[in-house]
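See below for run02.cif, which holds mmCIF, C-alpha atoms and all ligand atoms.
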```
data_coords
loop_
_atom_site.group_PDB
_atom_site.id
_atom_site.type_symbol
_atom_site.label_atom_id
_atom_site.label_comp_id
_atom_site.auth_asym_id
_atom_site.auth_seq_id
_atom_site.Cartn_x
_atom_site.Cartn_y
_atom_site.Cartn_z
ATOM 1 C CA MET K 13 89.675 89.929 82.378
ATOM 2 C CA ASP K 14 91.396 86.646 83.317
ATOM 3 C CA ILE K 15 92.267 86.740 87.022
ATOM 4 C CA VAL K 16 94.132 84.185 89.127
ATOM 5 C CA VAL K 17 93.620 84.502 92.895
ATOM 6 C CA PHE K 18 96.568 82.921 94.701
ATOM 7 C CA GLY K 19 95.363 81.838 98.123
ATOM 8 C CA ALA K 20 91.835 80.583 98.664
ATOM 9 C CA GLY K 21 91.634 81.417 102.380
ATOM 10 C CA SER K 22 88.927 83.722 103.741
ATOM 11 C CA LEU K 23 89.876 86.949 101.917
ATOM 12 C CA GLY K 24 91.027 85.232 98.708
ATOM 13 C CA SER K 25 87.815 83.227 98.464
ATOM 14 C CA LEU K 26 85.635 86.263 99.141
ATOM 15 C CA LEU K 27 87.379 88.496 96.608
ATOM 16 C CA GLY K 28 87.676 85.629 94.114
ATOM 17 C CA GLY K 29 83.940 85.029 94.494
ATOM 18 C CA LEU K 30 83.098 88.709 94.029
ATOM 19 C CA LEU K 31 85.453 89.108 91.038
ATOM 20 C CA ALA K 32 83.959 85.977 89.418
ATOM 21 C CA ARG K 33 80.690 87.925 88.996
ATOM 22 C CA ALA K 34 82.356 89.829 86.128
ATOM 23 C CA HIS K 35 85.591 88.021 85.219
ATOM 24 C CA ASP K 36 87.098 84.609 84.488
ATOM 25 C CA VAL K 37 88.591 83.706 87.850
ATOM 26 C CA THR K 38 90.849 80.815 88.858
ATOM 27 C CA LEU K 39 91.282 80.185 92.581
ATOM 28 C CA VAL K 40 94.535 78.558 93.708
ATOM 29 C CA GLY K 41 94.095 76.864 97.066
ATOM 30 C CA ARG K 42 93.990 73.614 98.974
ATOM 31 C CA ASP K 43 91.634 70.679 99.143
ATOM 32 C CA PRO K 44 88.952 70.049 100.341
ATOM 33 C CA HIS K 45 87.937 73.684 99.594
ATOM 34 C CA VAL K 46 89.188 73.583 95.985
ATOM 35 C CA ALA K 47 87.499 70.231 95.264
ATOM 36 C CA ARG K 48 84.192 71.526 96.666
ATOM 37 C CA VAL K 49 84.383 74.743 94.597
ATOM 38 C CA ARG K 50 85.001 72.658 91.465
ATOM 39 C CA GLU K 51 82.040 70.377 92.215
ATOM 40 C CA GLY K 52 79.410 72.823 93.414
ATOM 41 C CA GLY K 53 80.753 76.343 92.922
ATOM 42 C CA LEU K 54 81.562 78.949 95.563
ATOM 43 C CA ARG K 55 78.847 80.355 97.813
ATOM 44 C CA VAL K 56 79.204 83.839 99.303
ATOM 45 C CA THR K 57 76.764 84.656 102.098
ATOM 46 C CA GLY K 58 76.441 87.321 104.786
ATOM 47 C CA GLU K 59 76.627 91.009 103.922
ATOM 48 C CA LEU K 60 77.064 90.129 100.235
ATOM 49 C CA GLU K 61 75.556 87.147 98.456
ATOM 50 C CA ALA K 62 76.671 85.296 95.336
ATOM 51 C CA HIS K 63 76.907 81.793 93.957
ATOM 52 C CA VAL K 64 79.626 81.607 91.309
ATOM 53 C CA SER K 65 81.638 78.945 89.510
ATOM 54 C CA PRO K 66 85.280 79.994 89.313
ATOM 55 C CA ASP K 67 87.869 77.495 88.158
ATOM 56 C CA ALA K 68 89.765 76.100 91.172
ATOM 57 C CA VAL K 69 93.159 74.375 91.233
ATOM 58 C CA THR K 70 95.695 73.212 93.821
ATOM 59 C CA ASP K 71 98.749 73.664 91.573
ATOM 60 C CA GLY K 72 99.513 77.336 90.915
ATOM 61 C CA ARG K 73 102.343 76.724 88.476
ATOM 62 C CA HIS K 74 102.277 77.507 84.717
ATOM 63 C CA LEU K 75 99.129 79.667 84.855
ATOM 64 C CA THR K 76 98.466 82.519 82.424
ATOM 65 C CA ALA K 77 96.193 85.474 83.158
ATOM 66 C CA ASN K 78 95.964 89.245 82.903
ATOM 67 C CA LEU K 79 96.184 89.608 86.659
ATOM 68 C CA ALA K 80 97.358 87.559 89.650
ATOM 69 C CA VAL K 81 95.936 88.639 93.015
ATOM 70 C CA VAL K 82 98.056 87.296 95.869
ATOM 71 C CA THR K 83 96.240 86.679 99.163
ATOM 72 C CA VAL K 84 98.355 83.866 100.630
ATOM 73 C CA LYS K 85 99.610 84.131 104.217
ATOM 74 C CA SER K 86 102.713 86.325 104.339
ATOM 75 C CA PHE K 87 105.047 83.390 105.170
ATOM 76 C CA ASP K 88 103.872 81.582 102.000
ATOM 77 C CA THR K 89 104.848 84.543 99.758
ATOM 78 C CA PRO K 90 108.190 83.106 98.526
ATOM 79 C CA THR K 91 106.443 79.843 97.520
ATOM 80 C CA ALA K 92 103.673 81.779 95.746
ATOM 81 C CA ALA K 93 106.308 83.917 93.973
ATOM 82 C CA ASP K 94 108.127 80.798 92.744
ATOM 83 C CA ALA K 95 104.864 79.409 91.347
ATOM 84 C CA LEU K 96 103.946 82.765 89.753
ATOM 85 C CA ALA K 97 107.373 82.903 88.096
ATOM 86 C CA THR K 98 106.525 79.762 86.084
ATOM 87 C CA GLY K 99 103.415 81.435 84.606
ATOM 88 C CA SER K 100 102.647 84.580 82.665
ATOM 89 C CA PHE K 101 100.791 87.633 83.997
ATOM 90 C CA ASP K 102 100.532 91.311 83.026
ATOM 91 C CA ALA K 103 100.374 92.403 86.668
ATOM 92 C CA VAL K 104 100.563 91.014 90.192
ATOM 93 C CA LEU K 105 98.582 92.632 93.015
ATOM 94 C CA SER K 106 99.348 91.800 96.641
ATOM 95 C CA LEU K 107 96.474 92.029 99.138
ATOM 96 C CA GLN K 108 98.360 90.522 102.069
ATOM 97 C CA ASN K 109 99.287 91.486 105.600
ATOM 98 C CA GLY K 110 102.843 92.726 106.124
ATOM 99 C CA LEU K 111 105.125 94.395 103.580
ATOM 100 C CA THR K 112 105.241 91.381 101.240
ATOM 101 C CA GLU K 113 105.247 93.281 97.936
ATOM 102 C CA GLU K 114 109.039 93.594 98.018
ATOM 103 C CA ILE K 115 109.403 89.789 98.156
ATOM 104 C CA LEU K 116 107.217 89.484 95.041
ATOM 105 C CA ALA K 117 108.944 92.355 93.226
ATOM 106 C CA ASP K 118 112.391 90.874 93.954
ATOM 107 C CA ARG K 119 111.482 87.487 92.485
ATOM 108 C CA LEU K 120 109.251 88.436 89.525
ATOM 109 C CA ASP K 121 109.735 90.294 86.244
ATOM 110 C CA THR K 122 106.024 91.186 86.239
ATOM 111 C CA PRO K 123 105.010 94.639 87.606
ATOM 112 C CA VAL K 124 103.826 94.343 91.227
ATOM 113 C CA LEU K 125 101.066 96.586 92.606
ATOM 114 C CA ALA K 126 100.561 97.197 96.315
ATOM 115 C CA GLY K 127 97.139 96.813 97.866
ATOM 116 C CA THR K 128 95.171 96.750 101.093
ATOM 117 C CA ALA K 129 91.723 95.250 101.681
ATOM 118 C CA THR K 130 89.360 95.927 104.556
ATOM 119 C CA TYR K 131 86.630 93.459 103.573
ATOM 120 C CA GLY K 132 85.795 91.076 106.432
ATOM 121 C CA ALA K 133 85.695 87.396 105.442
ATOM 122 C CA ARG K 134 85.396 84.013 107.129
ATOM 123 C CA LEU K 135 85.558 80.566 105.531
ATOM 124 C CA ARG K 136 82.520 78.748 106.874
ATOM 125 C CA GLU K 137 83.168 75.346 105.285
ATOM 126 C CA PRO K 138 84.667 74.094 102.005
ATOM 127 C CA GLY K 139 82.948 75.931 99.142
ATOM 128 C CA HIS K 140 81.348 78.550 101.417
ATOM 129 C CA VAL K 141 82.741 81.933 102.505
ATOM 130 C CA ALA K 142 80.923 84.555 104.568
ATOM 131 C CA CYS K 143 81.332 88.282 103.967
ATOM 132 C CA THR K 144 81.409 89.719 107.499
ATOM 133 C CA GLY K 145 82.040 93.308 106.451
ATOM 134 C CA VAL K 146 81.912 95.269 103.213
ATOM 135 C CA GLY K 147 85.134 97.259 103.133
ATOM 136 C CA GLU K 148 87.328 98.635 100.401
ATOM 137 C CA VAL K 149 90.293 97.600 98.305
ATOM 138 C CA ALA K 150 92.940 100.298 97.837
ATOM 139 C CA LEU K 151 95.583 99.595 95.221
ATOM 140 C CA GLY K 152 98.321 101.454 93.420
ATOM 141 C CA ALA K 153 101.965 101.678 92.490
ATOM 142 C CA LEU K 154 104.334 100.261 95.101
ATOM 143 C CA ASP K 155 106.342 103.478 95.327
ATOM 144 C CA GLY K 156 103.270 105.763 95.123
ATOM 145 C CA GLY K 157 102.314 108.087 92.275
ATOM 146 C CA PRO K 158 99.969 107.555 89.331
ATOM 147 C CA SER K 159 99.919 104.218 87.480
ATOM 148 C CA SER K 160 97.877 103.364 84.373
ATOM 149 C CA LEU K 161 98.221 99.681 85.266
ATOM 150 C CA ALA K 162 96.659 100.353 88.683
ATOM 151 C CA GLU K 163 93.841 102.266 86.927
ATOM 152 C CA ARG K 164 93.125 99.241 84.691
ATOM 153 C CA VAL K 165 93.118 96.833 87.629
ATOM 154 C CA GLY K 166 90.944 99.232 89.649
ATOM 155 C CA LYS K 167 88.413 99.379 86.805
ATOM 156 C CA ALA K 168 88.301 95.562 86.642
ATOM 157 C CA PHE K 169 87.556 95.416 90.381
ATOM 158 C CA ARG K 170 84.848 98.070 90.092
ATOM 159 C CA ASP K 171 83.309 96.239 87.107
ATOM 160 C CA ALA K 172 82.736 93.378 89.571
ATOM 161 C CA ASP K 173 81.194 95.790 92.135
ATOM 162 C CA VAL K 174 84.164 95.520 94.495
ATOM 163 C CA GLU K 175 84.547 98.839 96.351
ATOM 164 C CA THR K 176 87.932 100.007 95.046
ATOM 165 C CA LEU K 177 90.111 103.058 95.360
ATOM 166 C CA VAL K 178 93.099 103.581 93.068
ATOM 167 C CA ALA K 179 95.551 105.268 95.425
ATOM 168 C CA THR K 180 98.675 107.318 94.748
ATOM 169 C CA ASP K 181 99.925 107.069 98.348
ATOM 170 C CA MET K 182 100.409 103.332 98.809
ATOM 171 C CA PRO K 183 103.661 103.680 100.856
ATOM 172 C CA ARG K 184 101.702 105.519 103.571
ATOM 173 C CA ARG K 185 98.707 103.191 103.311
ATOM 174 C CA ARG K 186 100.869 100.079 103.643
ATOM 175 C CA TRP K 187 102.513 101.426 106.814
ATOM 176 C CA GLU K 188 99.185 102.589 108.206
ATOM 177 C CA LYS K 189 97.791 99.081 107.681
ATOM 178 C CA LEU K 190 100.921 97.580 109.264
ATOM 179 C CA ALA K 191 100.435 99.851 112.304
ATOM 180 C CA VAL K 192 96.751 98.865 112.545
ATOM 181 C CA ASN K 193 97.576 95.147 112.235
ATOM 182 C CA ALA K 194 100.449 95.477 114.754
ATOM 183 C CA GLY K 195 97.911 96.806 117.267
ATOM 184 C CA ILE K 196 94.738 94.861 116.521
ATOM 185 C CA ASN K 197 95.887 91.433 115.354
ATOM 186 C CA THR K 198 98.408 90.795 118.116
ATOM 187 C CA VAL K 199 96.309 92.022 121.043
ATOM 188 C CA THR K 200 93.095 90.312 119.886
ATOM 189 C CA ALA K 201 95.007 87.050 119.262
ATOM 190 C CA LEU K 202 96.712 87.078 122.676
ATOM 191 C CA ALA K 203 93.629 88.211 124.628
ATOM 192 C CA ARG K 204 91.306 86.016 122.505
ATOM 193 C CA VAL K 205 88.827 88.831 121.968
ATOM 194 C CA GLU K 206 86.926 90.298 119.018
ATOM 195 C CA ASN K 207 88.209 93.557 117.502
ATOM 196 C CA GLY K 208 85.494 95.557 119.334
ATOM 197 C CA ALA K 209 87.127 94.733 122.708
ATOM 198 C CA LEU K 210 89.859 97.229 121.791
ATOM 199 C CA GLY K 211 87.372 100.125 122.052
ATOM 200 C CA ASP K 212 88.695 101.175 125.479
ATOM 201 C CA GLY K 213 90.587 100.009 128.563
ATOM 202 C CA ASP K 214 93.961 98.262 128.872
ATOM 203 C CA ALA K 215 93.638 96.325 125.626
ATOM 204 C CA ALA K 216 93.037 99.568 123.703
ATOM 205 C CA GLU K 217 96.069 101.195 125.393
ATOM 206 C CA LEU K 218 98.272 98.272 124.373
ATOM 207 C CA ALA K 219 97.025 98.319 120.775
ATOM 208 C CA HIS K 220 97.521 102.099 120.548
ATOM 209 C CA ALA K 221 101.076 101.780 121.903
ATOM 210 C CA ALA K 222 101.941 99.133 119.273
ATOM 211 C CA ALA K 223 100.468 101.278 116.478
ATOM 212 C CA ARG K 224 102.283 104.401 117.727
ATOM 213 C CA GLU K 225 105.611 102.579 117.708
ATOM 214 C CA ALA K 226 104.954 101.326 114.164
ATOM 215 C CA ALA K 227 104.159 104.899 113.047
ATOM 216 C CA ARG K 228 107.477 106.087 114.489
ATOM 217 C CA VAL K 229 109.328 103.407 112.508
ATOM 218 C CA ALA K 230 107.365 104.396 109.369
ATOM 219 C CA ARG K 231 108.564 107.983 109.766
ATOM 220 C CA ALA K 232 112.156 106.775 110.104
ATOM 221 C CA GLU K 233 111.569 104.969 106.787
ATOM 222 C CA GLY K 234 110.568 108.284 105.208
ATOM 223 C CA VAL K 235 106.796 107.711 105.289
ATOM 224 C CA ARG K 236 104.615 110.532 106.664
ATOM 225 C CA LEU K 237 102.496 108.787 109.284
ATOM 226 C CA PRO K 238 101.822 110.904 112.392
ATOM 227 C CA ASN K 239 100.996 108.976 115.614
ATOM 228 C CA ARG K 240 97.502 110.454 115.780
ATOM 229 C CA VAL K 241 96.755 109.284 112.217
ATOM 230 C CA ALA K 242 97.870 105.714 113.033
ATOM 231 C CA ARG K 243 95.791 105.771 116.212
ATOM 232 C CA ALA K 244 92.716 107.158 114.427
ATOM 233 C CA ALA K 245 93.097 104.490 111.707
ATOM 234 C CA LEU K 246 93.210 101.778 114.365
ATOM 235 C CA ASP K 247 90.132 103.200 116.144
ATOM 236 C CA ASP K 248 88.247 103.358 112.811
ATOM 237 C CA VAL K 249 89.024 99.695 112.059
ATOM 238 C CA VAL K 250 88.012 98.670 115.605
ATOM 239 C CA ASP K 251 84.683 100.520 115.195
ATOM 240 C CA GLY K 252 84.076 99.234 111.673
ATOM 241 C CA THR K 253 84.951 95.587 112.445
ATOM 242 C CA ALA K 254 83.852 95.383 116.094
ATOM 243 C CA ARG K 255 82.327 91.907 115.748
ATOM 244 C CA ASN K 256 85.173 90.466 113.623
ATOM 245 C CA ARG K 257 87.711 88.008 114.890
ATOM 246 C CA SER K 258 91.014 89.231 113.446
ATOM 247 C CA SER K 259 92.877 86.963 111.040
ATOM 248 C CA MET K 260 95.535 86.357 113.729
ATOM 249 C CA LEU K 261 92.902 85.373 116.282
ATOM 250 C CA GLN K 262 91.390 82.990 113.696
ATOM 251 C CA ASP K 263 94.887 81.476 113.253
ATOM 252 C CA VAL K 264 95.382 81.047 117.011
ATOM 253 C CA ASP K 265 91.856 79.599 117.403
ATOM 254 C CA SER K 266 92.651 77.014 114.712
ATOM 255 C CA GLY K 267 96.150 76.214 116.070
ATOM 256 C CA ARG K 268 97.781 77.601 112.889
ATOM 257 C CA ARG K 269 100.997 79.576 112.463
ATOM 258 C CA THR K 270 100.311 83.336 112.654
ATOM 259 C CA GLU K 271 101.613 86.294 110.626
ATOM 260 C CA VAL K 272 103.524 87.699 113.613
ATOM 261 C CA ASP K 273 106.831 87.724 111.700
ATOM 262 C CA ALA K 274 105.437 89.740 108.783
ATOM 263 C CA ILE K 275 103.523 92.191 110.985
ATOM 264 C CA THR K 276 105.171 92.755 114.371
ATOM 265 C CA GLY K 277 108.446 91.168 113.228
ATOM 266 C CA THR K 278 108.709 93.729 110.427
ATOM 267 C CA VAL K 279 108.120 96.612 112.843
ATOM 268 C CA VAL K 280 110.808 95.271 115.216
ATOM 269 C CA ASP K 281 113.348 94.525 112.453
ATOM 270 C CA ARG K 282 112.971 97.930 110.805
ATOM 271 C CA ALA K 283 113.082 99.610 114.238
ATOM 272 C CA ASP K 284 116.373 97.824 114.966
ATOM 273 C CA ALA K 285 117.772 99.054 111.644
ATOM 274 C CA HIS K 286 116.973 102.646 112.697
ATOM 275 C CA ASP K 287 118.019 102.143 116.332
ATOM 276 C CA ILE K 288 114.495 102.881 117.580
ATOM 277 C CA ASP K 289 113.012 101.367 120.752
ATOM 278 C CA VAL K 290 109.739 99.471 120.207
ATOM 279 C CA PRO K 291 109.208 97.709 123.564
ATOM 280 C CA THR K 292 105.501 96.971 123.084
ATOM 281 C CA ASN K 293 105.976 95.326 119.692
ATOM 282 C CA ARG K 294 108.974 93.385 121.012
ATOM 283 C CA VAL K 295 106.928 91.929 123.894
ATOM 284 C CA LEU K 296 103.920 91.143 121.676
ATOM 285 C CA ALA K 297 106.198 89.404 119.130
ATOM 286 C CA GLY K 298 107.895 87.438 121.919
ATOM 287 C CA LEU K 299 104.590 86.193 123.331
ATOM 288 C CA LEU K 300 103.188 85.137 119.958
ATOM 289 C CA ARG K 301 106.421 83.445 118.920
ATOM 290 C CA ALA K 302 106.484 81.598 122.267
ATOM 291 C CA TRP K 303 102.926 80.386 121.587
ATOM 292 C CA GLU K 304 103.962 79.208 118.096
ATOM 293 C CA SER K 305 107.106 77.472 119.410
ATOM 294 C CA GLY K 306 105.070 75.688 122.080
ATOM 295 C CA ARG K 307 102.943 74.200 119.298
ATOM 296 C CA GLU K 308 105.925 73.496 117.046
ATOM 297 C CA LEU K 309 104.569 75.873 114.408
ATOM 298 C CA ARG K 310 107.928 77.591 113.818
HETATM 299 O O1 LIG K 401 93.978 90.876 109.661
HETATM 300 C C1 LIG K 401 92.834 91.289 109.941
HETATM 301 O O2 LIG K 401 92.029 90.662 110.638
HETATM 302 C C2 LIG K 401 92.388 92.606 109.334
HETATM 303 O O3 LIG K 401 93.486 93.133 108.625
HETATM 304 C C3 LIG K 401 91.838 93.642 110.314
HETATM 305 C C4 LIG K 401 91.717 94.947 109.565
HETATM 306 C C5 LIG K 401 92.698 93.819 111.540
HETATM 307 C C6 LIG K 401 90.414 93.359 110.737
HETATM 308 O O4 LIG K 401 90.227 92.245 111.525
#
```

Would you put the structure from the file into structure tokens?
Ligand code: PAF
Amino acid sequence: MDIVVFGAGSLGSLLGGLLARAHDVTLVGRDPHVARVREGGLRVTGELEAHVSPDAVTDGRHLTANLAVVTVKSFDTPTAADALATGSFDAVLSLQNGLTEEILADRLDTPVLAGTATYGARLREPGHVACTGVGEVALGALDGGPSSLAERVGKAFRDADVETLVATDMPRRRWEKLAVNAGINTVTALARVENGALGDGDAAELAHAAAREAARVARAEGVRLPNRVARAALDDVVDGTARNRSSMLQDVDSGRRTEVDAITGTVVDRADAHDIDVPTNRVLAGLLRAWESGRELR
């Protein structure tokens, strides 16, 4: 299969590298990473190892492939969608934080699949990504239910030995992931701690409260996500990724804009629409946005 991976950050590079073991992959990213991948290939080390030679480009316009996998930061989604619209693809799969699939679906004629990924990844240097945790990709139709397109994409991922589940309950999974991210990413980024620090104590309480509020908003949106399920999902991710630095903490560490708008901002906006109080998410969003404003990142 021909696969374009839009976004050669940590997750995009890891999945692009793994998919390149079985498919023709083109990575769309930025220099110097892209230039290094073109010169010497892409090295994957850590819990999985590979040395592959995907194509790598900085201009994502006018590309043709069977599948486009979108892993760009949530705030870059409209730009990625505009570039995708100039090319030709049979399917687009989003593996991003936040509920970005709607932005892609609104702007593209191509069918959009929803996805979540729990692989841990860290860009070590240009041309080198570390796999810090073998997780799973779940993908399926945006509105849930069976999808033959999702089955085909799932098979392509499995052919490359990527742990993949073709799911028929993506609406619930997307909200569960949003609840987990609303708890883990914000608290780890503000407290500057690894995910494992949310195992107990005040930080865990705060993360649980954020996830609980997100679950309540999900239910108002018609998605069955009980509080205890959101909390258990968060605890599972904390246990399974204890030594990881969340993507939001990595952003703060590097002085980059975070995904607070797509994660906590989405929870707050949808809560407002349903007249629901989400005080924890509101405070966490305020603190992260204040940090971004102080660094002129917004
Ligand atoms: O954004 C992240 O870092 C990840 O989604 C997760 C699951 C919180 C693990 O660090």

Written as a PyMOL selection string, what is the full residue list that the PyMOL selection byres (((chain K and resi 197) around 7) and not hetatm) yields on the file shown?
-> chain K and resi 193-196+198-201+258-261

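With only C-alpha atoms and all ligand atoms as the basis for measurement, K:Glu148 is the residue among K:Glu148, K:Asp281, K:Glu225, K:Asp171 that approaches ligand LIG 401 (chain K) most closely.
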
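If you measure from each of K:Val241, K:Ala103, K:Ala126, K:Ala77 to His35 of chain K using all atoms listed in the file, the closest one turns out to be K:Ala77.
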
Throw together the list of residues within 9 Å of ligand LIG 401 (chain K), counting only C-alpha atoms and all ligand atoms, and drop it here as a ChimeraX atom specification.
-> /K:108-109,128-133,189-190,192-197,206-207,246,249-250,252-262,271

Report the residues retrieved by the PyMOL selection byres (((chain K and resi 97) around 10) and not hetatm) from the displayed file, expressed as a list of chain:residue names.
-> K:Arg73, K:His74, K:Leu75, K:Thr91, K:Ala92, K:Ala93, K:Asp94, K:Ala95, K:Leu96, K:Thr98, K:Gly99, K:Ser100, K:Phe101, K:Leu116, K:Arg119, K:Leu120, K:Asp121, K:Thr122

What does the PyMOL selection byres (((chain K and resi 66) around 12) and not hetatm) select in this file, as a JSON list (two decimals) with C-alpha atoms, in the frame of the given file?
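Done, and the output landed in result_26.json:
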```json
[["chain", "number", "residue", "atom", "x", "y", "z"],
["K", 14, "ASP", "CA", 91.40, 86.65, 83.32],
["K", 15, "ILE", "CA", 92.27, 86.74, 87.02],
["K", 16, "VAL", "CA", 94.13, 84.18, 89.13],
["K", 17, "VAL", "CA", 93.62, 84.50, 92.90],
["K", 20, "ALA", "CA", 91.84, 80.58, 98.66],
["K", 25, "SER", "CA", 87.82, 83.23, 98.46],
["K", 26, "LEU", "CA", 85.64, 86.26, 99.14],
["K", 27, "LEU", "CA", 87.38, 88.50, 96.61],
["K", 28, "GLY", "CA", 87.68, 85.63, 94.11],
["K", 29, "GLY", "CA", 83.94, 85.03, 94.49],
["K", 30, "LEU", "CA", 83.10, 88.71, 94.03],
["K", 31, "LEU", "CA", 85.45, 89.11, 91.04],
["K", 32, "ALA", "CA", 83.96, 85.98, 89.42],
["K", 33, "ARG", "CA", 80.69, 87.92, 89.00],
["K", 34, "ALA", "CA", 82.36, 89.83, 86.13],
["K", 35, "HIS", "CA", 85.59, 88.02, 85.22],
["K", 36, "ASP", "CA", 87.10, 84.61, 84.49],
["K", 37, "VAL", "CA", 88.59, 83.71, 87.85],
["K", 38, "THR", "CA", 90.85, 80.82, 88.86],
["K", 39, "LEU", "CA", 91.28, 80.18, 92.58],
["K", 40, "VAL", "CA", 94.54, 78.56, 93.71],
["K", 46, "VAL", "CA", 89.19, 73.58, 95.98],
["K", 47, "ALA", "CA", 87.50, 70.23, 95.26],
["K", 48, "ARG", "CA", 84.19, 71.53, 96.67],
["K", 49, "VAL", "CA", 84.38, 74.74, 94.60],
["K", 50, "ARG", "CA", 85.00, 72.66, 91.46],
["K", 51, "GLU", "CA", 82.04, 70.38, 92.22],
["K", 52, "GLY", "CA", 79.41, 72.82, 93.41],
["K", 53, "GLY", "CA", 80.75, 76.34, 92.92],
["K", 54, "LEU", "CA", 81.56, 78.95, 95.56],
["K", 55, "ARG", "CA", 78.85, 80.36, 97.81],
["K", 62, "ALA", "CA", 76.67, 85.30, 95.34],
["K", 63, "HIS", "CA", 76.91, 81.79, 93.96],
["K", 64, "VAL", "CA", 79.63, 81.61, 91.31],
["K", 65, "SER", "CA", 81.64, 78.94, 89.51],
["K", 67, "ASP", "CA", 87.87, 77.50, 88.16],
["K", 68, "ALA", "CA", 89.76, 76.10, 91.17],
["K", 69, "VAL", "CA", 93.16, 74.38, 91.23],
["K", 139, "GLY", "CA", 82.95, 75.93, 99.14]]
```

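Pairwise distance (atom CA of Asp248 of chain K, atom CA of Pro183 of chain K) equals 19.5 Å.
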
Between K:Val81, K:Ile115, K:Val124, K:Ala232, which one has atoms that come closest to Trp187 of chain K, using all atoms listed in the file?
-> K:Ala232

Coordinates-based distance that separates atom CA of Val82 of chain K from atom CA of Pro238 of chain K (Å, one decimal) = 29.1 Å

Atomic distance atom CA of Gly157 of chain K - atom CA of Ala117 of chain K, expressed in Å with one decimal |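 Computing it gives 17.1 Å between the two atoms.
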
Name all residues at most 9 Å from Arg268 of chain K (count only C-alpha atoms; drop same-chain ones fewer than 5 positions away) and give them as a tab-separated table (two decimals) with C-alpha atoms, in the frame of the given file.
```tsv
chain	number	residue	atom	x	y	z
K	262	GLN	CA	91.39	82.99	113.70
K	263	ASP	CA	94.89	81.48	113.25
K	304	GLU	CA	103.96	79.21	118.10
K	307	ARG	CA	102.94	74.20	119.30
K	309	LEU	CA	104.57	75.87	114.41
```

Within 12 Å of Gly306 of chain K, counting all atoms listed in the file, which residues qualify if same-chain residues fewer than 4 places away don't, as a PyMOL selection string?
-> chain K and resi 267-269+299-302+310

Using all atoms listed in the file, find the one residue out of K:Gly21, K:Thr276, K:Asp265, K:Ala191 that sits nearest to Leu135 of chain K.
->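 So, comparing all the options, the nearest one is K:Gly21.
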
Neighbours of Ala283 of chain K within 12 Å (all atoms listed in the file; same-chain residues fewer than 3 positions away dropped), as a list in words?
-> Glu225, Ala226, Ala227, Arg228, Val229, Ala230, Arg231, Ala232, Glu233, Thr276, Gly277, Thr278, Val279, Val280, His286, Asp287, Ile288, Asp289, Val290, Pro291, Thr292, Asn293 and Arg294 of chain K

Determine, counting all atoms listed in the file, which protein, DNA and RNA residues have an atom within 8 Å of an atom of Leu177 of chain K; residues of the same chain fewer than 5 positions away are not included. Present the result as JSON, numbers by chain.
-> {"K": [148, 149, 150, 151, 166]}

Could you pull the residues within 9 Å of Ala274 of chain K, counting only C-alpha atoms, minus those fewer than 5 positions along the same chain, as a PDB file with C-alpha atoms, in the frame of the given file?
```
ATOM      1  CA  SER K  86     102.713  86.325 104.339  1.00  0.00           C
ATOM      2  CA  PHE K  87     105.047  83.390 105.170  1.00  0.00           C
ATOM      3  CA  ASN K 109      99.287  91.486 105.600  1.00  0.00           C
ATOM      4  CA  GLY K 110     102.843  92.726 106.124  1.00  0.00           C
ATOM      5  CA  LEU K 111     105.125  94.395 103.580  1.00  0.00           C
ATOM      6  CA  THR K 112     105.241  91.381 101.240  1.00  0.00           C
ATOM      7  CA  VAL K 279     108.120  96.612 112.843  1.00  0.00           C
TER       8      VAL K 279
END
```

Let me know the centre plus edge lengths, in Å and rounded to one decimal, of a box with edges along x, y and z that contains all listed atoms of segment 290-299 of chain K and is padded by 3 Å on every side, as JSON.
```
{"center_x": 106.8, "center_y": 92.8, "center_z": 121.5, "size_x": 11.8, "size_y": 19.3, "size_z": 10.8}
```

Quick one: segment 260-267 of chain K with N, CA and C atoms, as a compact mmCIF listing (two decimals), keeping the file's coordinate frame?
```txt
# COMPACT_ATOMS: atom_id res chain seq x y z
N MET K 260 94.56 87.01 112.84
CA MET K 260 95.54 86.36 113.73
C MET K 260 94.81 85.57 114.82
N LEU K 261 93.70 86.12 115.29
CA LEU K 261 92.90 85.37 116.28
C LEU K 261 92.34 84.10 115.64
N GLN K 262 91.90 84.20 114.38
CA GLN K 262 91.39 82.99 113.70
C GLN K 262 92.51 81.95 113.59
N ASP K 263 93.76 82.42 113.33
CA ASP K 263 94.89 81.48 113.25
C ASP K 263 95.12 80.80 114.60
N VAL K 264 95.14 81.61 115.67
CA VAL K 264 95.38 81.05 117.01
C VAL K 264 94.25 80.07 117.37
N ASP K 265 93.01 80.48 117.11
CA ASP K 265 91.86 79.60 117.40
C ASP K 265 92.01 78.25 116.72
N SER K 266 92.55 78.27 115.48
CA SER K 266 92.65 77.01 114.71
C SER K 266 94.00 76.32 114.91
N GLY K 267 94.84 76.84 115.82
CA GLY K 267 96.15 76.21 116.07
C GLY K 267 97.10 76.34 114.89
```
